[in-house]
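Notes to accompany the following structure.
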Amino acid sequence: MTLSRLSIQHLRNLESVDLRPSPRINLLYGENGSGKTSVLEAIHALAMGRSFRSHKHKPLIQHEREGFTVFARVVSDEREIPLGLYRSRAGEASFKADGQVVSSVAALASLLPIQVINSQTFLLLEGSPKIRRQFMDWLVFHVEPDFFPTWKASQRCLKHRNSLLRRDRIEPSELAVWDRELASLAERMHQYRSASIERFETVFLELLDSFIRIPGVSLSYQRGWDKTRTYSEVLEGGFERDRQMGYTHSGSHRADLRLTVHGTAAADVLSRGQQKLVVCALKIAQGYIFSQLTGRQCVYLVDDLPAELDSDHRAKLVEWLDRLNTQVFITGVEKEPLLADWRSRPQVHSQVFHVEHGGVTPVS
Ligand SMILES: Nc1ncnc2c1ncn2[C@@H]1O[C@H](COP(=O)(O)OP(=O)(O)OP(=O)(O)O)[C@@H](O)[C@H]1O
Ligand SMILES: [Mg+2]
C-alpha cells in the first residue's frame with residue numbers, strides 16, 4: 001500500500017500542500033516549526049481518524065479556518081483508491097474511500113495500515129500496559145478478521161459486568177450469564193494474541209540481534225489473569241474482590257507485553273539509544289510480519305529519525321526500512337544527515353522534500 005498523491009489543506013501551518021510521494025522513501029527536511037511533523041500527522045489522521053499527537057482534532061485545524069482536509073490516492077493491489085477526510089470545528093467528520101462514506105475507525109484502519117516511529121514510541125517500554133496492548137493488537141487486528149468483533153464484544157460484556165458489580169444486590173444468575181460470555185471471549189482473545197506474539201517474538205529477536213547485541217533480552221506475553229487457571233475459575237475466585245472494587249480485576253483487558261533484560265524491565269536497564277533501537281525493532285518486526293501474512297504493506301511514518309542514534313545504528317535502521325520494501329516518510333531538521341543515510345543505497349527510489357513555513361516543495 002502506497003500513497004501516490006497527498007494533498008492537505010488548512011492543517012496546522014500547512015495552508016495548501018500537494019505532493020506526489022515516492023512509493024519508497026520520502027525524506028522531508030526543514031527547520032523547527034516548518035511543518036514536517038504536520039505532514040505525518042495528516043497521513044495519520046487519514047489512516048486512523050486522528051493525529052498521533054492529540055486525540056482531539058481541533059488543534060489540527062489551522063487558526064481562523066473552519067476545518068482541514070486531507071486527500072490521498074492509495075495504491076493497493078494495482079488499484080488506486082481515493083481516500084478523503086474532512087474535519088471541522090463544528091464537529092463534522094467525513095471519511096470517504098472510493099466515493100463511499102467510511103463509518104468506522106476499524107474500516108478506516110484496514111484501508112491504510114500505518115506504523116509510526118517517533119519520540120513517543122519509547123512509551124512502548126516505559127508507558128502503561130494499554131500502549132503495549134494497542135501495539136500487540138495492531139497485528140492481531142490486521143491478520144485475524146475475528147479479533148476486532150471479539151474485542152468489541154468483550155469490552156461491552158465487561159462494561160455490563162462492572163455495572164452489575166456496583167449494584168447493591170447482585171443476582172447470581174444474571175452475573176453467571178455475563179461471566180460465561182466474558183470467559184469465552186477472553187479465552188478467544190488470548191488465543192489470538194498468544195498465537196500472534198509467538199510468531200512475532202521470533203522475528204523481533206532476530207531483527208534486534210542484527211541491530212544491536214543485547215544479551216538476555218526477552219519478550220513475554222501476559223494474558224491478564226493467572227495462567228494456571230481458566231478465566232472462568234479466576235472470575236469465580238475473584239468475585240468478592242471484584243465486588244468490593246466495583247470492577248473486574250483480571251482479564252484480557254489487563255493483558256501486557258513485558259520486555260526484559262536478564263529479568264529486569266528493559267526501560268530500567270537500557271540506555272536511551274538502546275531503547276530507541278529496541279522500539280524501532282518492535283515496529284519494524286510488526287510491519288515485516290504484517291506483509292508476510294497479508295501480502296500487503298504498511299506505510300511507515302518516521303519522525304526525526306537521526307535523533308539520539310549514532311551513525312552505525314542509524315545505518316542499520318535505514319537498512320531495515322529499506323528491506324521492508326515499503327513506503328516510508330522520514331523527517332529531519334538537517335538535509336545532509338538525512339540524505340547521507342540513504343546515499344549508500346542509490347538503487348532505492350527516493351524523493352526529497354523541503355518543508356518551509358508550511359509549504360512543501362520537491363527537491364530534485
Ligand atoms: N492549529 C494551528 N494553526 C496554525 N499553525 C499551527 C497550528 N498548530 C500548530 N501550528 C504551527 O505549525 C507549525 C508546524 O509544526 P510541526 O510540528 O509540523 O513542525 P516541525 O517541522 O515538525 O518542527 P520540529 O522540527 O520542531 O519538530 C509550528 O510552527 C506550529 O507552531
Ligand atoms: Mg516535528
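Identifiers in the C-alpha cells: chain A, B, ... in order shown; residue index from 1 per chain; ligand index from 1 in order shown.
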
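Residues in contact with ligand 2 (atom pairs separated by at most 8 Å; only C-alpha atoms and all ligand atoms) are A:Asn32, A:Gly33, A:Gly35, A:Lys36, A:Thr37, A:Ser38, A:Asp303, A:Asp304, A:Thr331, A:Gly332.
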
Using only C-alpha atoms and all ligand atoms, what are the residues with an atom within 9 Å of ligand 1, set out as a ChimeraX atom specification?
/A:10-15,28-41,58-65,303-304,331-333,355-358

Taking the backbone alone, and naming residues the way the document does, which bits of range 159-257 of chain A are strand (DSSP E) by DSSP, as a VMD selection string?
chain A and resid 217 to 222 256 to 257

Determine which residues of range 20-228 of chain A DSSP labels as helix (DSSP H, G or I) from the backbone of this structure, then write them out as a PyMOL selection string.
chain A and resi 36-48+58-60+105-111+119-126+129-143+147-165+172-211

So, counting only C-alpha atoms, which residue among A:Arg345, A:Ile212, A:Trp320, A:Leu85 is closest to Ser103 in chain A?
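Using only C-alpha atoms, the shortest distance to Ser103 in chain A belongs to A:Leu85.
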
Considering only C-alpha atoms, can you say which of A:Leu339, A:Ala281, A:Val177, A:Val74 comes closest to Leu3 in chain A?
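Among the listed residues, the smallest separation from Leu3 in chain A belongs to A:Val74.
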